[in-house]
$ cat query.cif   # mmCIF, C-alpha atoms
data_query
loop_
_atom_site.group_PDB
_atom_site.id
_atom_site.type_symbol
_atom_site.label_atom_id
_atom_site.label_comp_id
_atom_site.auth_asym_id
_atom_site.auth_seq_id
_atom_site.Cartn_x
_atom_site.Cartn_y
_atom_site.Cartn_z
ATOM 1 C CA MET A 1 89.677 118.338 31.278
ATOM 2 C CA SER A 2 92.715 118.280 33.535
ATOM 3 C CA MET A 3 92.317 118.682 37.266
ATOM 4 C CA GLU A 4 94.438 121.840 37.126
ATOM 5 C CA ARG A 5 92.211 123.411 34.470
ATOM 6 C CA ALA A 6 89.050 122.447 36.354
ATOM 7 C CA ALA A 7 90.452 123.960 39.537
ATOM 8 C CA ALA A 8 91.349 127.181 37.716
ATOM 9 C CA ILE A 9 87.847 127.462 36.251
ATOM 10 C CA GLY A 10 86.400 126.865 39.695
ATOM 11 C CA LEU A 11 88.480 129.657 41.179
ATOM 12 C CA ILE A 12 87.426 132.073 38.432
ATOM 13 C CA ALA A 13 83.768 131.195 38.922
ATOM 14 C CA ALA A 14 84.069 131.681 42.664
ATOM 15 C CA ALA A 15 85.736 135.057 42.202
ATOM 16 C CA CYS A 16 83.039 136.192 39.774
ATOM 17 C CA SER A 17 80.323 135.200 42.217
ATOM 18 C CA LEU A 18 81.702 137.421 44.951
ATOM 19 C CA THR A 19 79.941 140.734 45.420
ATOM 20 C CA THR A 20 81.719 143.792 46.755
ATOM 21 C CA GLU A 21 79.915 145.192 49.763
ATOM 22 C CA ALA A 22 79.544 148.942 49.976
ATOM 23 C CA PRO A 23 81.513 150.585 52.789
ATOM 24 C CA PRO A 24 79.523 151.721 55.834
ATOM 25 C CA LEU A 25 77.607 154.981 55.757
ATOM 26 C CA GLU A 26 79.698 157.895 57.024
ATOM 27 C CA VAL A 27 79.124 161.381 58.401
ATOM 28 C CA VAL A 28 81.600 163.573 56.521
ATOM 29 C CA ASP A 29 80.742 166.992 57.957
ATOM 30 C CA SER A 30 78.700 168.612 60.687
ATOM 31 C CA GLN A 31 77.460 172.066 61.619
ATOM 32 C CA PRO A 32 78.567 172.850 64.218
ATOM 33 C CA GLU A 33 81.841 170.995 64.237
ATOM 34 C CA SER A 34 82.663 168.885 67.272
ATOM 35 C CA ARG A 35 83.303 170.886 70.468
ATOM 36 C CA GLN A 36 82.276 174.148 68.791
ATOM 37 C CA THR A 37 79.314 176.452 69.440
ATOM 38 C CA LEU A 38 75.870 176.675 67.846
ATOM 39 C CA PRO A 39 73.413 179.575 68.233
ATOM 40 C CA ALA A 40 70.626 178.498 70.574
ATOM 41 C CA ASN A 41 67.932 178.996 67.916
ATOM 42 C CA GLN A 42 69.633 177.264 64.980
ATOM 43 C CA ALA A 43 69.340 173.732 63.619
ATOM 44 C CA LEU A 44 72.197 171.250 63.377
ATOM 45 C CA ARG A 45 73.287 169.725 60.096
ATOM 46 C CA LEU A 46 74.928 166.336 59.460
ATOM 47 C CA THR A 47 76.306 165.688 55.979
ATOM 48 C CA PHE A 48 76.617 162.090 54.784
ATOM 49 C CA ASP A 49 78.744 160.563 52.032
ATOM 50 C CA ARG A 50 75.786 159.260 49.974
ATOM 51 C CA TYR A 51 72.051 159.558 49.456
ATOM 52 C CA LEU A 52 69.781 158.374 52.250
ATOM 53 C CA ALA A 53 66.663 156.270 51.839
ATOM 54 C CA THR A 54 63.558 158.252 51.038
ATOM 55 C CA PRO A 55 62.311 160.386 53.953
ATOM 56 C CA PRO A 56 60.270 161.244 55.974
ATOM 57 C CA LEU A 57 62.825 160.766 58.704
ATOM 58 C CA VAL A 58 61.321 160.063 62.103
ATOM 59 C CA PRO A 59 63.490 160.436 65.223
ATOM 60 C CA SER A 60 63.621 157.323 67.384
ATOM 61 C CA PRO A 61 64.126 157.800 71.155
ATOM 62 C CA ASP A 62 66.806 155.113 71.258
ATOM 63 C CA GLN A 63 68.546 156.078 67.999
ATOM 64 C CA THR A 64 68.263 159.840 67.512
ATOM 65 C CA TYR A 65 68.295 162.268 70.398
ATOM 66 C CA LEU A 66 69.704 165.529 71.689
ATOM 67 C CA ARG A 67 70.549 165.808 75.359
ATOM 68 C CA SER A 68 72.155 168.057 77.930
ATOM 69 C CA GLY A 69 73.122 165.968 80.923
ATOM 70 C CA GLU A 70 69.993 164.013 81.855
ATOM 71 C CA ASN A 71 67.680 166.372 79.965
ATOM 72 C CA VAL A 72 66.531 165.260 76.517
ATOM 73 C CA VAL A 73 65.461 167.874 73.954
ATOM 74 C CA GLY A 74 62.931 166.862 71.309
ATOM 75 C CA VAL A 75 64.027 167.248 67.690
ATOM 76 C CA GLU A 76 62.477 167.269 64.235
ATOM 77 C CA LEU A 77 64.407 165.877 61.273
ATOM 78 C CA GLY A 78 64.537 167.182 57.729
ATOM 79 C CA TYR A 79 66.518 166.087 54.697
ATOM 80 C CA ASP A 80 68.427 168.125 52.133
ATOM 81 C CA PRO A 81 69.062 165.702 49.237
ATOM 82 C CA VAL A 82 71.070 168.336 47.373
ATOM 83 C CA GLY A 83 73.615 168.564 50.182
ATOM 84 C CA LEU A 84 73.208 164.935 51.345
ATOM 85 C CA ALA A 85 72.422 166.341 54.781
ATOM 86 C CA VAL A 86 70.031 165.662 57.639
ATOM 87 C CA ILE A 87 68.750 168.793 59.357
ATOM 88 C CA VAL A 88 68.180 168.399 63.112
ATOM 89 C CA ALA A 89 65.912 171.130 64.472
ATOM 90 C CA PRO A 90 65.378 171.287 68.253
ATOM 91 C CA VAL A 91 61.692 171.801 69.064
ATOM 92 C CA GLN A 92 62.641 174.441 71.637
ATOM 93 C CA GLU A 93 65.372 177.034 71.886
ATOM 94 C CA LEU A 94 68.519 175.736 73.563
ATOM 95 C CA SER A 95 70.021 177.312 76.680
ATOM 96 C CA PRO A 96 73.093 179.458 75.942
ATOM 97 C CA GLY A 97 76.193 178.284 77.774
ATOM 98 C CA ARG A 98 74.971 174.719 78.223
ATOM 99 C CA ASP A 99 76.728 171.723 76.716
ATOM 100 C CA TYR A 100 74.744 169.397 74.444
ATOM 101 C CA GLN A 101 75.295 166.084 72.736
ATOM 102 C CA LEU A 102 73.584 164.913 69.554
ATOM 103 C CA VAL A 103 73.499 161.141 69.093
ATOM 104 C CA PHE A 104 72.703 159.236 65.895
ATOM 105 C CA GLY A 105 72.640 155.494 66.557
ATOM 106 C CA PRO A 106 73.682 152.881 63.962
ATOM 107 C CA ASP A 107 70.059 152.479 62.832
ATOM 108 C CA ALA A 108 69.112 156.164 62.912
ATOM 109 C CA VAL A 109 69.308 156.495 59.122
ATOM 110 C CA VAL A 110 69.729 154.109 56.209
ATOM 111 C CA ALA A 111 71.425 154.888 52.899
ATOM 112 C CA LEU A 112 69.810 154.093 49.562
ATOM 113 C CA ASP A 113 72.320 151.268 49.147
ATOM 114 C CA GLY A 114 71.162 149.746 52.447
ATOM 115 C CA THR A 115 74.244 150.674 54.460
ATOM 116 C CA ARG A 116 74.147 152.116 57.970
ATOM 117 C CA LEU A 117 76.515 153.883 60.318
ATOM 118 C CA PRO A 118 79.044 151.367 61.699
ATOM 119 C CA GLN A 119 78.574 152.771 65.203
ATOM 120 C CA ALA A 120 76.790 155.598 66.964
ATOM 121 C CA PHE A 121 77.768 159.092 65.807
ATOM 122 C CA GLU A 122 78.060 161.609 68.647
ATOM 123 C CA LEU A 123 78.459 165.360 68.313
ATOM 124 C CA ALA A 124 79.247 167.473 71.380
ATOM 125 C CA PHE A 125 78.746 171.251 71.234
ATOM 126 C CA THR A 126 77.878 174.273 73.356
ATOM 127 C CA ALA A 127 74.871 176.513 72.775
ATOM 128 C CA SER A 128 75.689 180.180 72.232
ATOM 129 C CA PRO A 129 73.287 183.157 72.364
ATOM 130 C CA ALA A 130 70.495 183.196 69.792
ATOM 131 C CA VAL A 131 70.960 185.187 66.598
ATOM 132 C CA ALA A 132 68.599 186.940 64.208
ATOM 133 C CA LEU A 133 67.253 184.451 61.672
ATOM 134 C CA ALA A 134 66.435 185.083 58.042
ATOM 135 C CA ALA A 135 62.764 185.489 57.206
ATOM 136 C CA VAL A 136 60.947 182.312 56.211
ATOM 137 C CA PRO A 137 60.722 182.335 52.390
ATOM 138 C CA ALA A 138 57.319 182.416 50.727
ATOM 139 C CA LYS A 139 55.821 179.171 49.460
ATOM 140 C CA PRO A 140 57.340 178.511 46.012
ATOM 141 C CA ASP A 141 55.101 179.118 43.005
ATOM 142 C CA PHE A 142 55.671 177.180 39.785
ATOM 143 C CA ALA A 143 55.098 180.052 37.352
ATOM 144 C CA ARG A 144 56.954 182.624 39.446
ATOM 145 C CA ASP A 145 59.845 180.577 40.838
ATOM 146 C CA ILE A 146 60.284 177.227 39.090
ATOM 147 C CA LEU A 147 59.555 177.840 35.425
ATOM 148 C CA PRO A 148 62.161 180.638 35.084
ATOM 149 C CA LEU A 149 64.839 178.253 36.397
ATOM 150 C CA LEU A 150 64.088 175.710 33.699
ATOM 151 C CA THR A 151 63.147 177.876 30.719
ATOM 152 C CA GLY A 152 66.033 178.062 28.276
ATOM 153 C CA ARG A 153 67.919 175.280 30.063
ATOM 154 C CA CYS A 154 65.659 172.404 29.043
ATOM 155 C CA GLY A 155 65.006 172.879 25.330
ATOM 156 C CA CYS A 156 64.099 169.227 24.719
ATOM 157 C CA HIS A 157 60.899 169.688 26.720
ATOM 158 C CA GLY A 158 57.824 171.137 25.121
ATOM 159 C CA PRO A 159 54.495 170.461 23.430
ATOM 160 C CA SER A 160 54.112 167.450 21.118
ATOM 161 C CA PRO A 161 55.974 166.286 19.099
ATOM 162 C CA GLN A 162 58.742 167.025 21.617
ATOM 163 C CA VAL A 163 60.053 163.799 23.180
ATOM 164 C CA PHE A 164 60.054 165.033 26.775
ATOM 165 C CA PRO A 165 57.114 166.388 28.793
ATOM 166 C CA GLU A 166 56.208 170.035 28.580
ATOM 167 C CA LEU A 167 57.386 172.129 31.519
ATOM 168 C CA VAL A 168 53.998 173.230 32.786
ATOM 169 C CA ALA A 169 52.591 172.281 36.173
ATOM 170 C CA ASP A 170 49.567 170.409 34.786
ATOM 171 C CA ALA A 171 51.819 168.248 32.589
ATOM 172 C CA LEU A 172 54.038 167.325 35.536
ATOM 173 C CA ILE A 173 52.011 166.989 38.741
ATOM 174 C CA GLY A 174 50.701 163.464 39.193
ATOM 175 C CA LYS A 175 51.639 162.439 35.645
ATOM 176 C CA PRO A 176 53.531 159.136 35.183
ATOM 177 C CA SER A 177 57.100 159.169 33.929
ATOM 178 C CA ALA A 178 57.435 157.420 30.567
ATOM 179 C CA ARG A 179 61.113 156.655 31.176
ATOM 180 C CA GLN A 180 60.996 155.683 34.854
ATOM 181 C CA PRO A 181 58.132 153.206 35.443
ATOM 182 C CA GLY A 182 56.581 153.425 38.890
ATOM 183 C CA LEU A 183 57.332 157.121 39.360
ATOM 184 C CA ASN A 184 55.365 160.243 38.592
ATOM 185 C CA LEU A 185 57.094 163.246 37.087
ATOM 186 C CA VAL A 186 56.043 165.185 40.185
ATOM 187 C CA GLU A 187 54.629 163.346 43.200
ATOM 188 C CA PRO A 188 52.982 165.973 45.436
ATOM 189 C CA GLY A 189 54.737 166.239 48.790
ATOM 190 C CA LEU A 190 57.368 163.618 47.904
ATOM 191 C CA PRO A 191 60.317 165.161 46.050
ATOM 192 C CA LEU A 192 62.419 161.988 46.064
ATOM 193 C CA ARG A 193 59.529 160.048 44.535
ATOM 194 C CA SER A 194 59.412 162.624 41.728
ATOM 195 C CA GLN A 195 61.298 161.970 38.514
ATOM 196 C CA LEU A 196 61.773 165.707 37.933
ATOM 197 C CA VAL A 197 63.723 166.049 41.189
ATOM 198 C CA ARG A 198 65.712 162.845 40.689
ATOM 199 C CA LYS A 199 66.846 164.021 37.255
ATOM 200 C CA LEU A 200 68.063 167.327 38.687
ATOM 201 C CA LEU A 201 70.045 165.708 41.516
ATOM 202 C CA ARG A 202 73.610 164.730 40.743
ATOM 203 C CA ASP A 203 73.957 160.971 40.034
ATOM 204 C CA TYR A 204 70.837 159.938 41.949
ATOM 205 C CA PRO A 205 70.894 156.099 42.053
ATOM 206 C CA ALA A 206 68.645 153.982 39.820
ATOM 207 C CA THR A 207 67.573 156.960 37.719
ATOM 208 C CA PHE A 208 67.295 156.517 33.947
ATOM 209 C CA GLY A 209 69.593 158.696 31.838
ATOM 210 C CA GLU A 210 71.988 161.477 32.722
ATOM 211 C CA THR A 211 71.532 164.298 35.192
ATOM 212 C CA MET A 212 69.587 167.228 33.749
ATOM 213 C CA PRO A 213 69.975 169.740 32.302
ATOM 214 C CA PRO A 214 72.869 168.359 30.246
ATOM 215 C CA GLY A 215 76.170 170.180 30.151
ATOM 216 C CA SER A 216 75.493 172.687 32.913
ATOM 217 C CA LEU A 217 73.636 171.531 36.020
ATOM 218 C CA LEU A 218 71.384 173.844 37.987
ATOM 219 C CA PRO A 219 72.972 175.576 40.995
ATOM 220 C CA ASP A 220 72.325 173.819 44.298
ATOM 221 C CA ASP A 221 70.012 176.525 45.625
ATOM 222 C CA ASP A 222 67.881 176.336 42.466
ATOM 223 C CA ILE A 223 67.486 172.575 42.908
ATOM 224 C CA ARG A 224 66.563 173.154 46.553
ATOM 225 C CA LEU A 225 63.835 175.525 45.367
ATOM 226 C CA VAL A 226 62.399 172.797 43.120
ATOM 227 C CA VAL A 227 62.540 170.343 46.040
ATOM 228 C CA SER A 228 60.745 172.887 48.236
ATOM 229 C CA TRP A 229 58.043 173.404 45.587
ATOM 230 C CA VAL A 230 57.332 169.676 45.291
ATOM 231 C CA SER A 231 57.327 169.318 49.089
ATOM 232 C CA SER A 232 54.760 172.110 49.386
ATOM 233 C CA LEU A 233 52.225 170.540 47.001
#
$ encode --input "query.cif" --output "structure tokens"
Amino acid sequence: MSMERAAAIGLIAAACSLTTEAPPLEVVDSQPESRQTLPANQALRLTFDRYLATPPLVPSPDQTYLRSGENVVGVELGYDPVGLAVIVAPVQELSPGRDYQLVFGPDAVVALDGTRLPQAFELAFTASPAVALAAVPAKPDFARDILPLLTGRCGCHGPSPQVFPELVADALIGKPSARQPGLNLVEPGLPLRSQLVRKLLRDYPATFGETMPPGSLLPDDDIRLVVSWVSSL
């Protein structure tokens, strides 16, 4: 083999061995927007460009905090996997007219692909007077709320000899997924450890097969209702 050919093969092998690193995690939207107002009794919302690692999310004093001057306001974090968003709920009502700053440090959240924010994300806003909030919805019920969403959309599911599990609560809750080893179809309290939820989410990583139901995906609010049901178990 000529030296030129050997060198060319070496270059090809080196190129093939290189792995492309994913770009850093990014906040693509926020509610409120920077320098805008937020009702004193509403939560903030940060939307990311990809799925985050499985919650629960726990605020860290040096990575995730809300402050007004020297005063720090405690927060609770929630996750909306349908909207790729972290919900930041202050534990107390904010003071109208005061300026606030939300800070998410580089290690505040981690994406499923292992990426993090390249630097701290800071959101400045002003609290406005509180507004009337919508009533807290009732705890979702499978027969009343979930089954009607799926009936007629998921015809491949049903009693034996159907290939896919029957859409009844007892056949889903705590039952292992035949197609996704290591996961249950529904893991009580853990929607993102539930194969049912992963299949409904659009292009959820490392999930066997296509997003369900095929052809016409469920509306976002319907998927959120399924997530809420699993979370409530």
$ residues_around --input "query.cif" --residues "segment 76-80 of chain A" --least-positions-apart "6" --cutoff "12 Å" --atoms "only C-alpha atoms" --output "short mmCIF file (atom, residue, chain, number, x, y, z; two decimals) with C-alpha atoms, keeping the file's coordinate frame"
data_model
loop_
_atom_site.label_atom_id
_atom_site.label_comp_id
_atom_site.auth_asym_id
_atom_site.auth_seq_id
_atom_site.Cartn_x
_atom_site.Cartn_y
_atom_site.Cartn_z
CA ALA A 43 69.34 173.73 63.62
CA LEU A 44 72.20 171.25 63.38
CA ARG A 45 73.29 169.72 60.10
CA LEU A 46 74.93 166.34 59.46
CA THR A 47 76.31 165.69 55.98
CA PHE A 48 76.62 162.09 54.78
CA ARG A 50 75.79 159.26 49.97
CA TYR A 51 72.05 159.56 49.46
CA LEU A 52 69.78 158.37 52.25
CA ALA A 53 66.66 156.27 51.84
CA THR A 54 63.56 158.25 51.04
CA PRO A 55 62.31 160.39 53.95
CA PRO A 56 60.27 161.24 55.97
CA LEU A 57 62.82 160.77 58.70
CA VAL A 58 61.32 160.06 62.10
CA PRO A 59 63.49 160.44 65.22
CA SER A 60 63.62 157.32 67.38
CA PRO A 61 64.13 157.80 71.16
CA THR A 64 68.26 159.84 67.51
CA TYR A 65 68.30 162.27 70.40
CA LEU A 66 69.70 165.53 71.69
CA VAL A 86 70.03 165.66 57.64
CA ILE A 87 68.75 168.79 59.36
CA VAL A 88 68.18 168.40 63.11
CA ALA A 89 65.91 171.13 64.47
CA PRO A 90 65.38 171.29 68.25
CA VAL A 91 61.69 171.80 69.06
CA GLN A 92 62.64 174.44 71.64
CA PHE A 104 72.70 159.24 65.90
CA ALA A 108 69.11 156.16 62.91
CA VAL A 109 69.31 156.50 59.12
CA LEU A 190 57.37 163.62 47.90
CA PRO A 191 60.32 165.16 46.05
CA LEU A 192 62.42 161.99 46.06
CA LEU A 201 70.04 165.71 41.52
CA ASP A 220 72.32 173.82 44.30
CA ASP A 221 70.01 176.52 45.62
CA ILE A 223 67.49 172.58 42.91
CA ARG A 224 66.56 173.15 46.55
CA LEU A 225 63.84 175.52 45.37
CA VAL A 226 62.40 172.80 43.12
CA VAL A 227 62.54 170.34 46.04
CA SER A 228 60.74 172.89 48.24
CA SER A 231 57.33 169.32 49.09
#
$ atom_distance --input "query.cif" --atom1 "atom CA of Gln180 of chain A" --atom2 "atom CA of Leu167 of chain A"
17.2 Å
$ resolve_selection --input "query.cif" --expression "the PyMOL selection byres ((chain A and resi 172) around 12)" --output "list in words"
Phe142, Leu147, His157, Gly158, Phe164, Pro165, Glu166, Leu167, Val168, Ala169, Asp170, Ala171, Ile173, Gly174, Lys175, Pro176, Ser177, Ala178, Leu183, Asn184, Leu185, Val186, Glu187, Pro188, Ser194, Gln195, Leu196, Val197 and Val230 of chain A
$ residues_around --input "query.cif" --residues "segment 209-214 of chain A" --least-positions-apart "2" --cutoff "6 Å" --atoms "only C-alpha atoms" --output "short mmCIF file (atom, residue, chain, number, x, y, z; two decimals) with C-alpha atoms, in the frame of the given file"
data_model
loop_
_atom_site.label_atom_id
_atom_site.label_comp_id
_atom_site.auth_asym_id
_atom_site.auth_seq_id
_atom_site.Cartn_x
_atom_site.Cartn_y
_atom_site.Cartn_z
CA LYS A 199 66.85 164.02 37.26
CA LEU A 200 68.06 167.33 38.69
CA ARG A 202 73.61 164.73 40.74
CA SER A 216 75.49 172.69 32.91
CA LEU A 217 73.64 171.53 36.02
#
$ closest_residue --input "query.cif" --among "A:Leu102, A:Val28, A:Leu112, A:Val82" --to "Asp222 of chain A" --atoms "only C-alpha atoms"
A:Val82
$ resolve_selection --input "query.cif" --expression "the PyMOL selection byres ((chain A and resi 36) around 12)" --output "number ranges by chain"
A: 30-35, 37-39, 44, 97-101, 123-128
$ atom_distance --input "query.cif" --atom1 "atom CA of Ala130 of chain A" --atom2 "atom CA of Trp229 of chain A"
28.9 Å
